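One structure below.
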Amino acid sequence: MSGMNHSVVSEFVFMGLTDSREIQLLLFVFSLLFYFAIMMGNLVIVFTVTMDAHLHSPMYFLLANLSIIDMAFCSITAPKMICDIFKKHKAISFWGCIAQIFFSHAVGGTEMVLLTAMAFDRYLAICKPLHYLTIMSPRMCLYFLATSSIIGLIHSLVQLVFVVDLPFCGPNIFDSFYCDLPRLLRLACTNTQELEFMVTVNSGLISVGSFVLLVISYIFILFTVWKHSSGGLAKALSTLSAHVTVVILFFGPLMFFYTWPSPTSHLDKYLAIFDAFITPFLNPVIYTFRNKDMKVAMRRLCSRLAHLTKIL
């Protein structure tokens with residue numbers, strides 16, 4: 001890390017979202033409530049899937065892991081943002097910034113691949129029902145989980161292995177509430193055009209590729225449902241439209257960050273709120289709380305807990 005020896009920047013400073021005290025108060029309440037709802041909602045899902053034997057299936061195994069990833073992804077930036085809202089000096093150490101970028105890309109990459117695996121699971125269940133249990137075995141579920149984690153880790157490491165060696169001698173201002181890779185590269189005291197292109201290709205490829213695969217799987221599902229039952233098409237459209245909404249909210253900002261030629265506008269930091277708060281909040285609502293089996297399982301679990309409380 002010879003480049004690090006020439007760096008004089010020990011911390012980076014966030015400009016945040018706004019200087020207005022009224023809007024800061026609104027953001028604080030909004031962020032705190034959403035973060036609490038995200039953590040509680042996803043914890044309920046993980047606990048319900050773990051405790052209810054009726055939900056021990058590939059679909060709910062993947063859903064529970066999506067909830068764990070959502071809690072991790074939200075916790076990378078949200079707690080610091082909440083703590084920094086009223087601070088005049090919103091700072092993060094150099095290595096804290098690197099860690100934030102590393103985990104956001106690792107967890108974000110994992111979630112992209114896992115969402116693709118979930119779409120494949122639904123495709124098999126609807127389009128290939130006779131082969132579903134054979135293909136989606138417990139081993140295959142673990143394979144999907146391990147593969148998504150490895151791809152996310154590699155995706156993050158490939159980018160940061162070059163970044164940590166860059167010299168940073170000032171300025172050290174982020175016009176945002178979190179550390180992101182494109183902005184960090186533009187703060188380096190050297191020409192980073194090749195690295196910026198590599199980041200665009202790397203992050204753009206995994207985000208656009210995952211999004212395209214998801215859309216293709218949804219098209220196949222709709223076509224299969226339409227071919228076998230015109231009456232079921234409306235129900236499938238209702239379900240998949242909610243899924244597509246979450247997918248667009250998650251992938252839309254990411255594709256904007258990493259495929260737009262020069263993401264220097266103020267828009268990207270506001271779009272980042274969708275990935276930090278909105279999508280992790282919507283995932284449990286869309287994928288589980290609208291699911292009949294999950295609602296029945298939660299009522300069953302609540303009844304057991306109430307019965308246990310009475311006994312105690």
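So you can find residues: chains in the structure tokens are A, B, ... in the order shown, residues in each start at 1, and ligands are numbered from 1 in order.
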
DSSP-assigned helix (DSSP H, G or I) among range 16-101 of chain A, expressed as JSON, numbers by chain: {"A": [21, 22, 23, 24, 25, 26, 27, 28, 29, 30, 31, 32, 33, 34, 35, 36, 37, 38, 39, 40, 41, 42, 43, 44, 45, 46, 47, 48, 49, 50, 51, 53, 54, 55, 58, 59, 60, 61, 62, 63, 64, 65, 66, 67, 68, 69, 70, 71, 72, 73, 74, 75, 76, 77, 78, 79, 80, 81, 82, 83, 84, 94, 95, 96, 97, 98, 99, 100, 101]}

Between CA of Ala125 in chain A and CA of Thr245 in chain A - distance in Å to one decimal: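 CA of Thr245 in chain A sits 21.2 Å away from CA of Ala125 in chain A.
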
Residue nearest Leu240 in chain A - candidates A:Ile278, A:Leu130, A:Ile286, A:Cys83, atoms counted: only C-alpha atoms: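 When distances to Leu240 in chain A are compared using only C-alpha atoms, the smallest one comes from A:Ile286.
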
Nearest-residue call for Ile173 in chain A, choices A:Leu153, A:Ala91, A:Ile82, A:Leu301, using only C-alpha atoms: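 Nearest candidate to Ile173 in chain A out of A:Leu153, A:Ala91, A:Ile82, A:Leu301: A:Ala91.
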
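If you count only C-alpha atoms and ignore residues fewer than 4 places along the chain from Val13 in chain A, what sits within 8 Å of it is His89, Lys90, Ala91, Ile92, Asn172, Ile173 and Phe174 of chain A.
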
Point-to-point distance from CA of Ala99 in chain A to CA of Asn202 in chain A, Å rounded to tenths: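 That distance, rounded to one decimal, is 18.5 Å.
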
Which of A:Met112, A:Ile206, A:Cys169, A:Leu157 sits closest to Leu145 in chain A [using only C-alpha atoms]: A:Met112

Contact residues around Phe168 in chain A with only C-alpha atoms at 7 Å, ignoring same-chain residues under 5 positions, as a PyMOL selection string: chain A and resi 7-9+187-189

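When only C-alpha atoms are used to compute distances to Phe94 in chain A, the closest of the residues A:Thr200, A:Asn291, A:Ser207, A:Ser10 turns out to be A:Ser10.
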
Using only C-alpha atoms: which of A:Phe34, A:Trp226, A:Phe177, A:Phe274 has the shortest distance to Gln100 in chain A: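 Counting only C-alpha atoms, the residue closest to Gln100 in chain A is A:Phe177.
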
Counting only C-alpha atoms, the option among A:Asp180, A:Glu111, A:Asp175, A:Asp165 closest to Ser148 in chain A: A:Glu111

DSSP strand (DSSP E) residues within range 72-265 of chain A, listed as a list of chain:residue names: A:Lys90, A:Ala91, A:Ile92, A:Ser93, A:Ile173, A:Phe174

Can you write out the residues you just picked, keeping all heavy atoms, as a compact mmCIF listing (two decimals), in the first residue's frame?
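Okay, this is what ended up in selection_11.txt:
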# COMPACT_ATOMS: atom_id res chain seq x y z
N LYS A 90 -20.20 16.22 10.32
CA LYS A 90 -20.56 14.81 10.06
C LYS A 90 -19.36 14.12 9.45
O LYS A 90 -19.16 14.16 8.23
CB LYS A 90 -21.76 14.73 9.12
CG LYS A 90 -22.99 15.51 9.58
CD LYS A 90 -24.07 15.49 8.53
CE LYS A 90 -25.33 16.20 8.97
NZ LYS A 90 -25.12 17.66 9.15
N ALA A 91 -18.56 13.46 10.27
CA ALA A 91 -17.29 12.90 9.79
C ALA A 91 -17.28 11.38 9.92
O ALA A 91 -18.00 10.79 10.73
CB ALA A 91 -16.12 13.50 10.57
N ILE A 92 -16.44 10.76 9.10
CA ILE A 92 -16.18 9.33 9.18
C ILE A 92 -14.70 9.12 8.89
O ILE A 92 -14.11 9.82 8.06
CB ILE A 92 -17.07 8.55 8.16
CG1 ILE A 92 -16.91 7.03 8.38
CG2 ILE A 92 -16.73 8.93 6.73
CD1 ILE A 92 -17.89 6.20 7.55
N SER A 93 -14.07 8.19 9.60
CA SER A 93 -12.65 7.94 9.38
C SER A 93 -12.40 7.35 8.01
O SER A 93 -13.32 6.84 7.35
CB SER A 93 -12.11 7.00 10.46
OG SER A 93 -12.68 5.70 10.29
N ILE A 173 -14.55 16.15 1.16
CA ILE A 173 -15.97 16.42 1.37
C ILE A 173 -16.82 15.50 0.51
O ILE A 173 -16.63 15.41 -0.71
CB ILE A 173 -16.32 17.88 1.05
CG1 ILE A 173 -15.42 18.84 1.85
CG2 ILE A 173 -17.79 18.15 1.34
CD1 ILE A 173 -15.62 18.76 3.34
N PHE A 174 -17.77 14.80 1.14
CA PHE A 174 -18.78 14.00 0.44
C PHE A 174 -20.10 14.76 0.45
O PHE A 174 -20.64 15.04 1.52
CB PHE A 174 -19.00 12.65 1.15
CG PHE A 174 -18.07 11.56 0.72
CD1 PHE A 174 -16.94 11.26 1.47
CD2 PHE A 174 -18.32 10.83 -0.43
CE1 PHE A 174 -16.09 10.25 1.08
CE2 PHE A 174 -17.46 9.81 -0.83
CZ PHE A 174 -16.35 9.52 -0.08

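Between CA of Cys141 in chain A and CA of Ser203 in chain A there is a distance of 24.9 Å.
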
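Using only C-alpha atoms, the protein and nucleic acid residues lying no more than 9 Å from range 68-80 of chain A, apart from those fewer than 6 places from it along its own chain, are Ser31, Leu32, Tyr35, Ile38, Met39, Asn42, Leu43, Val46, Gln100, Ile101, Phe103, Ser104, Val107, Gly108, Thr110, Glu111, Phe177, Tyr178, Cys179, Asp275, Ala276, Phe277, Thr279, Pro280, Phe281 and Asn283 of chain A.
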
Spatial neighbours of Cys302 in chain A, max dist 12 Å, only C-alpha atoms, sep filter under 5 positions, as an MDAnalysis selection string: chainID A and resid 44 47:48 51:52 295:297 307:309

Shell around Thr192 in chain A at 12 Å using only C-alpha atoms, local window under 3 positions removed, as an NGL selection string: :A and (162-163 or 165-168 or 181-189 or 195-199)
